[in-house]
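Peer 1: Dropping in final.cif, with mmCIF, C-alpha atoms.
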data_run
#
loop_
_atom_site.label_atom_id
_atom_site.label_comp_id
_atom_site.auth_asym_id
_atom_site.auth_seq_id
_atom_site.Cartn_x
_atom_site.Cartn_y
_atom_site.Cartn_z
CA MET A 1 33.85 170.94 30.04
CA GLU A 2 33.45 167.21 30.39
CA LYS A 3 33.98 165.90 33.88
CA THR A 4 36.68 163.25 34.24
CA LEU A 5 35.67 160.12 36.01
CA PHE A 6 38.50 158.71 38.17
CA SER A 7 38.81 155.48 39.96
CA VAL A 8 39.86 156.05 43.60
CA SER A 9 43.35 154.76 42.91
CA ASP A 10 43.72 156.87 39.78
CA PHE A 11 42.54 159.96 41.61
CA ILE A 12 45.03 159.38 44.44
CA ALA A 13 47.79 158.86 41.86
CA THR A 14 46.79 162.02 39.98
CA VAL A 15 46.74 164.08 43.20
CA ASN A 16 50.17 162.76 44.11
CA GLN A 17 51.50 163.56 40.64
CA THR A 18 50.12 167.08 40.91
CA LEU A 19 51.61 167.53 44.36
CA GLU A 20 54.95 166.22 43.22
CA TYR A 21 54.94 168.56 40.24
CA ALA A 22 53.87 171.58 42.28
CA TYR A 23 56.01 170.88 45.37
CA PRO A 24 58.85 168.44 44.64
CA THR A 25 60.24 169.24 48.08
CA VAL A 26 58.75 171.42 50.75
CA GLU A 27 60.23 172.73 53.96
CA VAL A 28 57.71 173.16 56.72
CA GLU A 29 58.36 174.59 60.17
CA GLY A 30 56.26 173.60 63.14
CA GLU A 31 56.17 172.10 66.61
CA VAL A 32 56.48 168.35 67.06
CA ALA A 33 53.55 166.48 68.61
CA SER A 34 52.66 162.78 69.10
CA PHE A 35 56.20 161.64 68.29
CA LYS A 36 56.55 157.85 68.22
CA VAL A 37 58.74 155.14 66.70
CA ASN A 38 57.10 151.89 65.55
CA GLN A 39 58.97 148.57 65.33
CA GLY A 40 62.22 150.45 65.78
CA LYS A 41 62.04 151.47 62.10
CA TYR A 42 59.22 153.89 61.39
CA VAL A 43 58.86 157.36 62.83
CA PHE A 44 55.49 159.10 63.08
CA PHE A 45 54.80 162.55 64.40
CA ASP A 46 52.74 165.65 63.71
CA ILE A 47 53.96 169.15 63.20
CA LYS A 48 51.60 171.86 64.13
CA ASP A 49 51.16 175.55 64.69
CA ALA A 50 48.28 177.60 66.01
CA GLY A 51 46.34 177.15 62.80
CA GLY A 52 46.81 173.50 61.84
CA SER A 53 48.56 170.16 62.05
CA LEU A 54 50.24 167.82 59.51
CA ASN A 55 51.02 164.09 59.77
CA CYS A 56 54.65 163.24 59.16
CA PHE A 57 56.30 159.92 58.38
CA MET A 58 59.94 158.97 58.04
CA THR A 59 62.32 156.08 58.72
CA VAL A 60 64.55 155.89 61.76
CA TRP A 61 67.76 156.07 59.74
CA GLN A 62 66.59 159.34 58.16
CA LEU A 63 66.21 160.83 61.62
CA ARG A 64 69.69 162.25 62.17
CA VAL A 65 69.02 164.40 65.22
CA PRO A 66 66.92 163.57 68.26
CA ILE A 67 63.54 165.26 68.43
CA GLU A 68 60.76 165.16 70.95
CA ASP A 69 57.33 166.57 71.49
CA GLY A 70 57.22 170.33 71.85
CA MET A 71 60.44 170.86 69.89
CA LYS A 72 60.34 173.34 67.01
CA VAL A 73 61.65 171.74 63.83
CA ILE A 74 61.94 172.27 60.10
CA VAL A 75 61.10 169.21 58.01
CA SER A 76 62.21 168.72 54.45
CA ALA A 77 59.57 166.52 52.84
CA THR A 78 57.38 165.55 49.92
CA ALA A 79 53.61 165.87 50.28
CA LYS A 80 51.62 162.73 49.71
CA LEU A 81 48.08 161.45 49.75
CA THR A 82 48.09 157.90 51.09
CA GLN A 83 46.00 155.07 49.63
CA TRP A 84 43.74 155.51 52.65
CA GLY A 85 43.12 159.10 51.69
CA LYS A 86 45.21 160.64 54.43
CA PHE A 87 47.39 163.59 53.61
CA SER A 88 50.90 163.33 55.08
CA LEU A 89 54.42 164.53 54.66
CA THR A 90 57.05 161.93 53.81
CA VAL A 91 60.01 163.45 55.58
CA ARG A 92 63.54 163.21 54.16
CA SER A 93 65.23 165.14 56.89
CA VAL A 94 64.37 167.03 60.01
CA ARG A 95 66.37 169.57 61.91
CA PRO A 96 65.71 171.57 65.05
CA SER A 97 64.75 175.19 64.50
CA GLY A 98 65.59 178.03 66.82
CA GLU A 99 68.26 178.25 69.49
CA GLY A 100 66.27 176.45 72.19
CA ALA A 101 65.43 173.45 70.02
CA ILE A 102 68.97 173.15 68.63
CA LYS A 103 70.39 173.22 72.15
CA LYS A 104 67.91 170.68 73.45
CA SER A 105 68.52 168.31 70.55
CA PHE A 106 72.28 168.70 71.09
CA GLU A 107 72.02 167.84 74.78
CA ILE A 108 69.83 164.76 74.17
CA LEU A 109 72.18 163.36 71.53
CA LYS A 110 75.26 164.22 73.55
CA ALA A 111 73.92 162.30 76.55
CA LYS A 112 73.00 159.31 74.38
CA LEU A 113 76.38 159.08 72.61
CA ASP A 114 78.26 159.72 75.81
CA GLU A 115 76.37 156.82 77.39
CA GLU A 116 77.53 154.64 74.50
CA GLY A 117 81.11 155.67 75.20
CA LEU A 118 81.75 157.48 71.91
CA PHE A 119 83.46 160.36 73.68
CA ALA A 120 85.46 158.24 76.14
CA PRO A 121 89.06 159.43 76.58
CA GLU A 122 90.39 155.85 76.33
CA ARG A 123 89.12 155.67 72.73
CA LYS A 124 91.32 158.56 71.67
CA ARG A 125 94.28 157.71 69.48
CA LEU A 126 97.48 159.68 69.15
CA LEU A 127 98.26 161.46 65.92
CA PRO A 128 101.60 160.78 64.22
CA ILE A 129 104.28 163.22 65.38
CA VAL A 130 105.17 164.14 61.82
CA PRO A 131 102.68 162.77 59.30
CA SER A 132 103.60 162.59 55.65
CA HIS A 133 100.22 161.68 54.16
CA VAL A 134 97.21 163.63 55.34
CA ALA A 135 93.57 163.70 54.22
CA VAL A 136 91.57 166.90 54.58
CA ILE A 137 87.79 167.12 54.44
CA SER A 138 86.56 170.66 53.96
CA SER A 139 85.05 173.14 51.58
CA THR A 140 87.97 174.36 49.51
CA GLY A 141 86.32 177.74 49.13
CA ALA A 142 85.95 178.31 52.87
CA ALA A 143 88.09 180.78 54.79
CA GLY A 144 88.87 178.10 57.37
CA TYR A 145 90.41 175.87 54.69
CA ALA A 146 92.54 178.76 53.37
CA ASP A 147 93.79 179.46 56.92
CA PHE A 148 94.64 175.80 57.39
CA VAL A 149 96.60 175.57 54.11
CA LYS A 150 98.49 178.79 54.83
CA ILE A 151 99.58 177.67 58.29
CA ILE A 152 100.51 174.17 57.07
CA ASN A 153 102.67 175.60 54.28
CA ASP A 154 104.32 178.04 56.69
CA ARG A 155 105.09 175.37 59.25
CA TRP A 156 106.09 172.25 57.33
CA GLY A 157 106.85 170.77 53.90
CA GLY A 158 106.97 167.46 52.10
CA LEU A 159 103.40 166.50 53.01
CA GLN A 160 101.09 164.70 50.64
CA ILE A 161 97.69 166.28 51.31
CA ASP A 162 94.57 164.82 49.68
CA VAL A 163 91.60 167.15 49.95
CA ALA A 164 87.96 166.08 49.69
CA HIS A 165 85.85 169.06 48.75
CA VAL A 166 82.48 168.83 50.52
CA GLN A 167 79.75 171.06 51.84
CA VAL A 168 80.41 171.93 55.46
CA GLN A 169 77.01 173.38 56.24
CA GLY A 170 73.42 172.64 55.31
CA THR A 171 71.39 169.46 55.23
CA ASP A 172 73.65 167.72 52.69
CA ALA A 173 76.84 168.41 54.61
CA PRO A 174 76.77 165.43 57.04
CA ASP A 175 76.27 162.87 54.26
CA GLN A 176 78.98 164.43 52.11
CA ILE A 177 81.44 164.42 55.00
CA ILE A 178 80.52 160.80 55.81
CA ARG A 179 81.13 159.81 52.16
CA ALA A 180 84.49 161.54 52.22
CA LEU A 181 85.37 159.74 55.48
CA ASN A 182 84.41 156.41 53.92
CA TYR A 183 86.38 157.26 50.78
CA PHE A 184 89.61 157.86 52.71
CA ASN A 185 89.01 154.89 55.01
CA SER A 186 88.72 152.57 52.02
CA ARG A 187 91.88 153.68 50.18
CA ASP A 188 94.60 151.11 49.53
CA GLU A 189 97.12 153.58 50.86
CA LEU A 190 95.52 154.99 53.99
CA PRO A 191 96.34 158.54 55.03
CA GLU A 192 97.87 158.74 58.50
CA VAL A 193 95.30 161.26 59.73
CA ILE A 194 92.01 162.78 58.54
CA VAL A 195 91.53 166.46 59.26
CA ILE A 196 88.01 167.89 59.11
CA ILE A 197 87.91 171.65 59.08
CA ARG A 198 85.38 174.42 58.91
CA GLY A 199 85.57 178.06 59.98
CA GLY A 200 83.27 179.77 62.43
CA GLY A 201 79.55 180.30 61.93
CA SER A 202 76.19 180.45 63.63
CA ALA A 203 74.80 177.52 65.61
CA ASP A 204 72.69 176.65 62.57
CA ASP A 205 75.77 176.74 60.28
CA LEU A 206 77.62 174.34 62.56
CA ALA A 207 74.61 172.05 63.08
CA ALA A 208 75.97 169.57 60.52
CA PHE A 209 78.67 168.63 63.02
CA ASN A 210 76.02 167.50 65.51
CA ASP A 211 74.54 164.97 63.08
CA GLU A 212 74.34 161.57 64.75
CA MET A 213 75.48 159.57 61.70
CA LEU A 214 78.44 161.88 61.16
CA VAL A 215 79.45 161.68 64.80
CA ARG A 216 79.32 157.87 64.59
CA ALA A 217 81.30 157.85 61.34
CA ILE A 218 84.03 159.93 62.95
CA ALA A 219 84.09 157.71 66.03
CA THR A 220 84.46 154.56 63.91
CA SER A 221 87.04 155.91 61.44
CA ARG A 222 89.99 153.53 61.02
CA ILE A 223 92.18 156.55 60.50
CA PRO A 224 92.74 158.90 63.46
CA THR A 225 90.75 162.11 63.14
CA LEU A 226 91.55 165.73 63.93
CA LEU A 227 88.67 168.23 63.95
CA GLY A 228 88.98 171.96 63.77
CA VAL A 229 85.48 173.36 63.48
CA GLY A 230 84.27 176.85 64.30
CA HIS A 231 85.86 178.96 66.98
CA GLU A 232 87.36 177.99 70.29
CA VAL A 233 84.08 178.49 72.16
CA ASP A 234 82.05 176.30 69.79
CA GLU A 235 81.61 172.71 70.81
CA SER A 236 80.23 170.12 68.42
CA LEU A 237 79.55 166.44 69.00
CA ALA A 238 81.78 165.59 66.03
CA GLU A 239 84.68 167.21 67.87
CA LEU A 240 83.93 165.24 71.01
CA ALA A 241 84.03 162.01 68.99
CA ALA A 242 87.25 162.89 67.15
CA ASP A 243 90.62 161.67 68.39
CA VAL A 244 91.94 165.20 68.69
CA ARG A 245 90.06 168.48 68.82
CA ALA A 246 91.55 171.71 67.53
CA ALA A 247 90.11 175.06 68.57
CA THR A 248 90.12 176.42 65.00
CA PRO A 249 91.28 175.32 61.52
CA SER A 250 94.55 177.24 62.07
CA ASN A 251 95.03 175.44 65.36
CA ALA A 252 94.45 172.12 63.55
CA ALA A 253 97.41 172.92 61.29
CA GLN A 254 99.51 173.77 64.37
CA ILE A 255 98.62 170.48 66.02
CA LEU A 256 99.19 168.46 62.86
CA VAL A 257 102.78 169.40 62.05
CA PRO A 258 105.78 170.84 63.87
CA ASP A 259 107.07 174.30 63.04
CA LYS A 260 110.14 174.07 60.81
CA SER A 261 111.40 177.49 61.99
CA GLU A 262 111.36 176.18 65.54
CA ILE A 263 113.24 173.04 64.49
CA ILE A 264 115.85 175.14 62.68
CA ARG A 265 116.24 177.27 65.82
CA THR A 266 116.59 174.14 67.97
CA VAL A 267 119.13 172.57 65.61
CA ARG A 268 121.22 175.77 65.59
CA TYR A 269 121.04 175.98 69.37
CA GLN A 270 122.07 172.32 69.72
CA VAL A 271 125.19 172.82 67.58
CA GLY A 272 125.98 176.19 69.19
CA SER A 273 125.84 174.65 72.65
CA LEU A 274 128.60 172.19 71.75
CA ILE A 275 131.35 174.87 71.60
CA PRO A 276 131.18 175.86 75.30
CA ARG A 277 130.95 172.17 76.16
CA VAL A 278 134.22 171.44 74.35
CA GLU A 279 135.82 174.56 75.86
CA ASN A 280 134.74 173.49 79.33
CA SER A 281 136.13 170.05 78.69
CA ILE A 282 139.50 171.49 77.63
CA LYS A 283 139.54 173.67 80.76
CA GLU A 284 138.61 170.74 82.98
CA GLN A 285 141.23 168.48 81.45
CA SER A 286 144.03 171.09 81.70
CA MET A 287 143.06 171.66 85.33
CA GLN A 288 143.22 167.93 85.90
CA VAL A 289 146.68 167.77 84.29
CA LYS A 290 147.86 170.68 86.47
CA ALA A 291 146.47 169.01 89.58
CA LEU A 292 148.22 165.75 88.69
CA LEU A 293 151.54 167.56 88.15
CA THR A 294 151.20 169.34 91.49
CA GLN A 295 150.44 166.03 93.18
CA SER A 296 153.46 164.41 91.53
CA LEU A 297 155.78 167.23 92.62
CA ALA A 298 154.45 167.02 96.17
CA LYS A 299 155.12 163.28 96.23
CA ILE A 300 158.69 163.76 95.00
CA GLU A 301 159.27 166.43 97.65
CA ASP A 302 157.87 164.13 100.34
CA TYR A 303 160.17 161.32 99.19
CA LEU A 304 163.22 163.53 99.21
CA GLU A 305 162.40 164.90 102.65
CA VAL A 306 162.08 161.41 104.11
CA ASN A 307 165.39 160.39 102.57
CA PHE A 308 167.18 163.53 103.76
CA ASP A 309 165.86 162.91 107.27
CA GLN A 310 167.16 159.35 107.17
CA LEU A 311 170.53 160.60 105.92
CA ASP A 312 170.76 163.11 108.76
CA ALA A 313 169.96 160.37 111.31
CA THR A 314 172.65 158.13 109.87
CA ARG A 315 175.11 161.01 109.93
CA ASN A 316 174.34 161.55 113.61
CA VAL A 317 174.91 157.88 114.42
CA LEU A 318 178.16 157.94 112.45
CA SER A 319 179.26 161.08 114.15
CA GLN A 320 178.69 159.48 117.60
CA LEU A 321 180.79 156.54 116.53
CA ASN A 322 183.76 158.71 115.45
CA PRO A 323 186.74 158.05 117.93
CA GLN A 324 187.67 161.72 117.78
CA THR A 325 184.26 162.54 119.28
CA VAL A 326 184.96 160.11 122.17
CA LEU A 327 188.43 161.68 122.72
CA ALA A 328 186.75 165.11 122.76
CA ARG A 329 184.57 163.93 125.63
CA GLY A 330 187.83 163.35 127.68
CA TYR A 331 188.56 159.71 126.96
CA ALA A 332 191.97 158.47 125.71
CA ILE A 333 193.18 155.65 123.55
CA MET A 334 195.98 153.48 124.89
CA ARG A 335 198.18 151.49 122.53
CA GLY A 336 200.79 148.93 123.58
CA SER A 337 201.19 145.93 125.98
CA GLN A 338 199.88 146.12 129.59
CA LYS A 339 203.03 144.71 131.13
CA ILE A 340 205.15 146.39 133.77
CA GLY A 341 208.06 148.16 132.15
CA ALA A 342 206.43 148.13 128.67
CA LEU A 343 206.30 151.36 126.67
CA ILE A 344 202.79 152.47 125.71
CA GLU A 345 201.25 155.28 123.67
CA VAL A 346 198.33 157.30 125.10
CA GLU A 347 196.30 159.45 122.69
CA THR A 348 194.06 162.17 124.09
CA ASN A 349 191.96 164.73 122.30
CA LYS A 350 194.82 167.08 121.88
CA SER A 351 198.06 165.08 122.38
CA ILE A 352 199.86 161.73 122.04
CA ILE A 353 201.83 160.69 125.11
CA LYS A 354 204.59 158.06 125.32
CA ALA A 355 204.65 156.34 128.80
CA GLU A 356 206.03 153.34 130.67
CA VAL A 357 203.78 150.87 132.52
CA LYS A 358 204.62 150.98 136.23
CA ASN A 359 201.84 148.90 137.68
CA VAL A 360 198.97 146.75 136.43
CA GLN A 361 196.10 145.87 138.74
CA THR A 362 193.08 143.78 137.94
CA LYS A 363 189.74 145.56 138.67
CA MET B 364 106.09 158.65 55.87
CA SER B 365 107.66 160.30 52.85
CA LYS B 366 111.29 159.68 52.05
CA LEU B 367 112.30 163.32 52.57
CA ASN B 368 110.48 163.67 55.88
CA LYS B 369 111.90 160.40 57.05
CA THR B 370 115.36 161.65 56.21
CA ILE B 371 114.80 164.84 58.16
CA GLN B 372 113.59 162.91 61.17
CA GLN B 373 116.51 160.51 60.89
CA LYS B 374 118.93 163.39 60.58
CA THR B 375 117.38 165.16 63.55
CA ALA B 376 117.66 161.97 65.60
CA GLU B 377 121.26 161.54 64.43
CA LEU B 378 122.03 165.10 65.48
CA SER B 379 120.49 164.50 68.90
CA ASN B 380 122.66 161.40 69.29
CA LEU B 381 125.75 163.38 68.35
CA VAL B 382 124.87 166.11 70.85
CA ALA B 383 124.21 163.49 73.52
CA TRP B 384 127.67 162.01 72.86
CA PHE B 385 129.24 165.24 74.15
CA ASP B 386 127.55 164.61 77.52
CA SER B 387 128.23 160.89 77.59
CA ASP B 388 131.03 158.85 79.16
CA ASP B 389 132.32 158.12 75.65
CA PHE B 390 133.35 161.76 75.22
CA THR B 391 137.03 162.27 74.42
CA LEU B 392 138.64 165.54 73.53
CA GLU B 393 140.48 163.86 70.66
CA ALA B 394 137.22 162.79 68.96
CA ALA B 395 135.27 165.95 69.87
CA LEU B 396 136.47 168.05 66.94
CA ASP B 397 135.40 165.47 64.33
CA LYS B 398 132.06 164.97 66.06
CA PHE B 399 131.49 168.73 66.20
CA LYS B 400 132.20 169.09 62.48
CA GLU B 401 129.81 166.23 61.78
CA ALA B 402 127.06 167.87 63.89
CA GLU B 403 127.59 171.23 62.20
CA ALA B 404 127.28 169.69 58.72
CA LEU B 405 124.19 167.74 59.74
CA ALA B 406 122.51 170.87 61.12
CA GLU B 407 123.16 172.69 57.85
CA THR B 408 121.64 169.83 55.84
CA ILE B 409 118.55 169.69 58.08
CA GLU B 410 118.02 173.43 57.70
CA LYS B 411 118.45 173.24 53.93
CA ASP B 412 116.04 170.30 53.66
CA LEU B 413 113.40 172.00 55.79
CA LYS B 414 113.57 175.21 53.76
CA SER B 415 113.33 173.44 50.43
CA LEU B 416 110.40 171.07 51.14
CA LYS B 417 107.01 171.95 49.64
CA ASN B 418 103.64 170.37 50.33
CA ASP B 419 101.80 168.53 47.58
CA ILE B 420 98.10 169.41 47.89
CA GLN B 421 95.72 167.50 45.60
CA ILE B 422 91.95 167.88 45.43
CA VAL B 423 90.54 164.37 45.00
CA LYS B 424 88.47 163.87 41.86
CA GLN B 425 85.78 161.89 43.63
CA LYS B 426 82.52 163.82 44.11
CA PHE B 427 80.80 163.50 47.47
CA ASP B 428 77.48 165.22 46.76
CA SER B 429 75.75 161.90 46.04
CA GLU B 430 76.37 158.18 46.52
CA ALA B 431 79.06 157.00 44.11
#
Render the structure in this file as structure tokens.

Peer 2:
Amino acid sequence: MEKTLFSVSDFIATVNQTLEYAYPTVEVEGEVASFKVNQGKYVFFDIKDAGGSLNCFMTVWQLRVPIEDGMKVIVSATAKLTQWGKFSLTVRSVRPSGEGAIKKSFEILKAKLDEEGLFAPERKRLLPIVPSHVAVISSTGAAGYADFVKIINDRWGGLQIDVAHVQVQGTDAPDQIIRALNYFNSRDELPEVIVIIRGGGSADDLAAFNDEMLVRAIATSRIPTLLGVGHEVDESLAELAADVRAATPSNAAQILVPDKSEIIRTVRYQVGSLIPRVENSIKEQSMQVKALLTQSLAKIEDYLEVNFDQLDATRNVLSQLNPQTVLARGYAIMRGSQKIGALIEVETNKSIIKAEVKNVQTK
Amino acid sequence: MSKLNKTIQQKTAELSNLVAWFDSDDFTLEAALDKFKEAEALAETIEKDLKSLKNDIQIVKQKFDSEA
């Protein structure tokens, strides 16, 4: 077989073609070493295990979760031979691997975003009390989405719900959710709220909701956001950045709309409570009327009593002035001239006496 | 806000106002019967509206698995 003579450049190109054909994308797990960022744009690090080490290169904006030396990660990359003859992995994405690394990455990013104020309570907006146009970002095949739809339909009606079907786990999930967020935020007719939902899962399943770019996209959404991801005990950075956090997808539906059965109960109660109010009012008013009548009667009685008393007093005065009363006390009335020899009439209580005047003396 | 939902909210607010009238200084026994009938009719309409409303769920056609 004839040996092929390559130029250096051709050989590098051929090796890269072969690598690309054989391994379009590889996932490699290892421990991070010599991590550094150059010019704020380019990220260099090695991943290694007990038997070897690989150079890795990526751009800052591809680095969606914080990593540091000693952290176990999985890189998704293409293998490449550089023009200087160095073998390296051009990394498309990197994610922490194992519980310890995931937790550490979470804490680093949480502290960083918290410092920037992304989780600040004063940034939180209120959701509309009763929305009529809602956007939902979820996987339509997921159990969490089915729970959400069931509860929404049980509780309320008349909503326009636009659903963006996206992956809610895996390396593509953050970008898909971000695209859906951008899609709804750029509509002419904006929904009143965006609900992002996903059922429970392992820490790895829910890792998409700790993606830095996604967390930032949620925090900067023009439309208020409601997140119901995982179970009550799960906490993701996306939830911390959202305006409202629901414990589960079902809870998100409960937060989003009122319960029509409860409203019907309240309405019935409101109307039912009016009957005793009217009855009480009738009772109160009839009691008032009775009280007024009693008062009026009492006033009339008082008036009559005063007048009867006055009448009695007048009668007494009149009675004292009656001449017969004076005669009864022993006095007499004399009629006639007080001249000697004149005939006079003397009236006592019981008799009338005719008499002649014998003497008249001045007192 | 959709027209139907708006109507329900308006009707609910109207009902609350009617109920509040019974506790207000404007209350008169003469007007109470008419107001009660009005409240009763409004409550029936609200209940009917709430029971008849259905949600309109649409899956958007846009794909999100790659940049549009």

Peer 1: Excluding Ala253 in chain A and any residue of its chain fewer than 6 positions from it, enumerate the residues within 9 Å of it, using only C-alpha atoms, and give them as a ChimeraX atom specification.

Peer 2: /A:147-152,155,195,228,246

Peer 1: From the options A:Val60, A:Ile263, A:Leu81, A:Ala342, which residue's atoms come nearest to Val360 in chain A, counting all atoms listed in the file?

Peer 2: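 Answer, going by the shortest atom-to-atom distance: A:Ala342.
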
Peer 1: With all atoms listed in the file as the counted atoms, please give the residues lying no more than 8 Å from Ala395 in chain B, apart from itself and same-chain residues fewer than 5 positions off, as a list in words.

Peer 2: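 My list of contacting residues is Val278 of chain A; Phe385 and Phe390 of chain B.
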
Peer 1: Can I get the selection written as a PDB file, in the frame of the given file, with C-alpha atoms?

Peer 2:
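Result file is selection24.pdb:
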ATOM      1  CA  VAL A 278     134.220 171.440  74.350  1.00  0.00           C
TER       2      VAL A 278
ATOM      3  CA  PHE B 385     129.240 165.240  74.150  1.00  0.00           C
ATOM      4  CA  PHE B 390     133.350 161.760  75.220  1.00  0.00           C
TER       5      PHE B 390
END

Peer 1: Where does the PyMOL selection byres ((chain A) within 9 of (chain B)) land in this file, that is, which residues does it pick, as a compact mmCIF listing (two decimals) with C-alpha atoms, in the frame of the given file?

Peer 2:
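The result, stored in part-v1.txt:
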# COMPACT_ATOMS: atom_id res chain seq x y z
CA VAL A 130 105.17 164.14 61.82
CA PRO A 131 102.68 162.77 59.30
CA SER A 132 103.60 162.59 55.65
CA HIS A 133 100.22 161.68 54.16
CA THR A 140 87.97 174.36 49.51
CA VAL A 149 96.60 175.57 54.11
CA ILE A 152 100.51 174.17 57.07
CA ASN A 153 102.67 175.60 54.28
CA TRP A 156 106.09 172.25 57.33
CA GLY A 157 106.85 170.77 53.90
CA GLY A 158 106.97 167.46 52.10
CA LEU A 159 103.40 166.50 53.01
CA GLN A 160 101.09 164.70 50.64
CA ILE A 161 97.69 166.28 51.31
CA ASP A 162 94.57 164.82 49.68
CA VAL A 163 91.60 167.15 49.95
CA ALA A 164 87.96 166.08 49.69
CA HIS A 165 85.85 169.06 48.75
CA VAL A 166 82.48 168.83 50.52
CA GLN A 167 79.75 171.06 51.84
CA ASP A 172 73.65 167.72 52.69
CA ALA A 173 76.84 168.41 54.61
CA ASP A 175 76.27 162.87 54.26
CA GLN A 176 78.98 164.43 52.11
CA ILE A 177 81.44 164.42 55.00
CA ILE A 178 80.52 160.80 55.81
CA ARG A 179 81.13 159.81 52.16
CA ALA A 180 84.49 161.54 52.22
CA TYR A 183 86.38 157.26 50.78
CA GLU A 192 97.87 158.74 58.50
CA LYS A 260 110.14 174.07 60.81
CA SER A 261 111.40 177.49 61.99
CA ILE A 263 113.24 173.04 64.49
CA ILE A 264 115.85 175.14 62.68
CA VAL A 267 119.13 172.57 65.61
CA ARG A 268 121.22 175.77 65.59
CA GLN A 270 122.07 172.32 69.72
CA VAL A 271 125.19 172.82 67.58
CA GLY A 272 125.98 176.19 69.19
CA SER A 273 125.84 174.65 72.65
CA LEU A 274 128.60 172.19 71.75
CA ILE A 275 131.35 174.87 71.60
CA ARG A 277 130.95 172.17 76.16
CA VAL A 278 134.22 171.44 74.35
CA SER A 281 136.13 170.05 78.69
CA ILE A 282 139.50 171.49 77.63
CA GLN A 285 141.23 168.48 81.45

Peer 1: Name the residues that the PyMOL selection byres ((chain A and resi 343-352) around 10) pulls out of this structure, and write them as a list in words.

Peer 2: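 Evaluating the PyMOL selection byres ((chain A and resi 343-352) around 10) on these coordinates yields Pro323, Gln324, Thr325, Val326, Leu327, Ala328, Arg329, Gly330, Tyr331, Ala332, Ile333, Met334, Arg335, Gly336, Ser337, Gln338, Lys339, Ile340, Gly341, Ala342, Ile353, Lys354, Ala355, Glu356, Val357 and Lys358 of chain A.
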
Peer 1: Check which residues satisfy the PyMOL selection byres ((chain A and resi 214) around 8) in the file shown, then give them as a PyMOL selection string.

Peer 2: chain A and resi 174-175+177-178+209-213+215-218+238
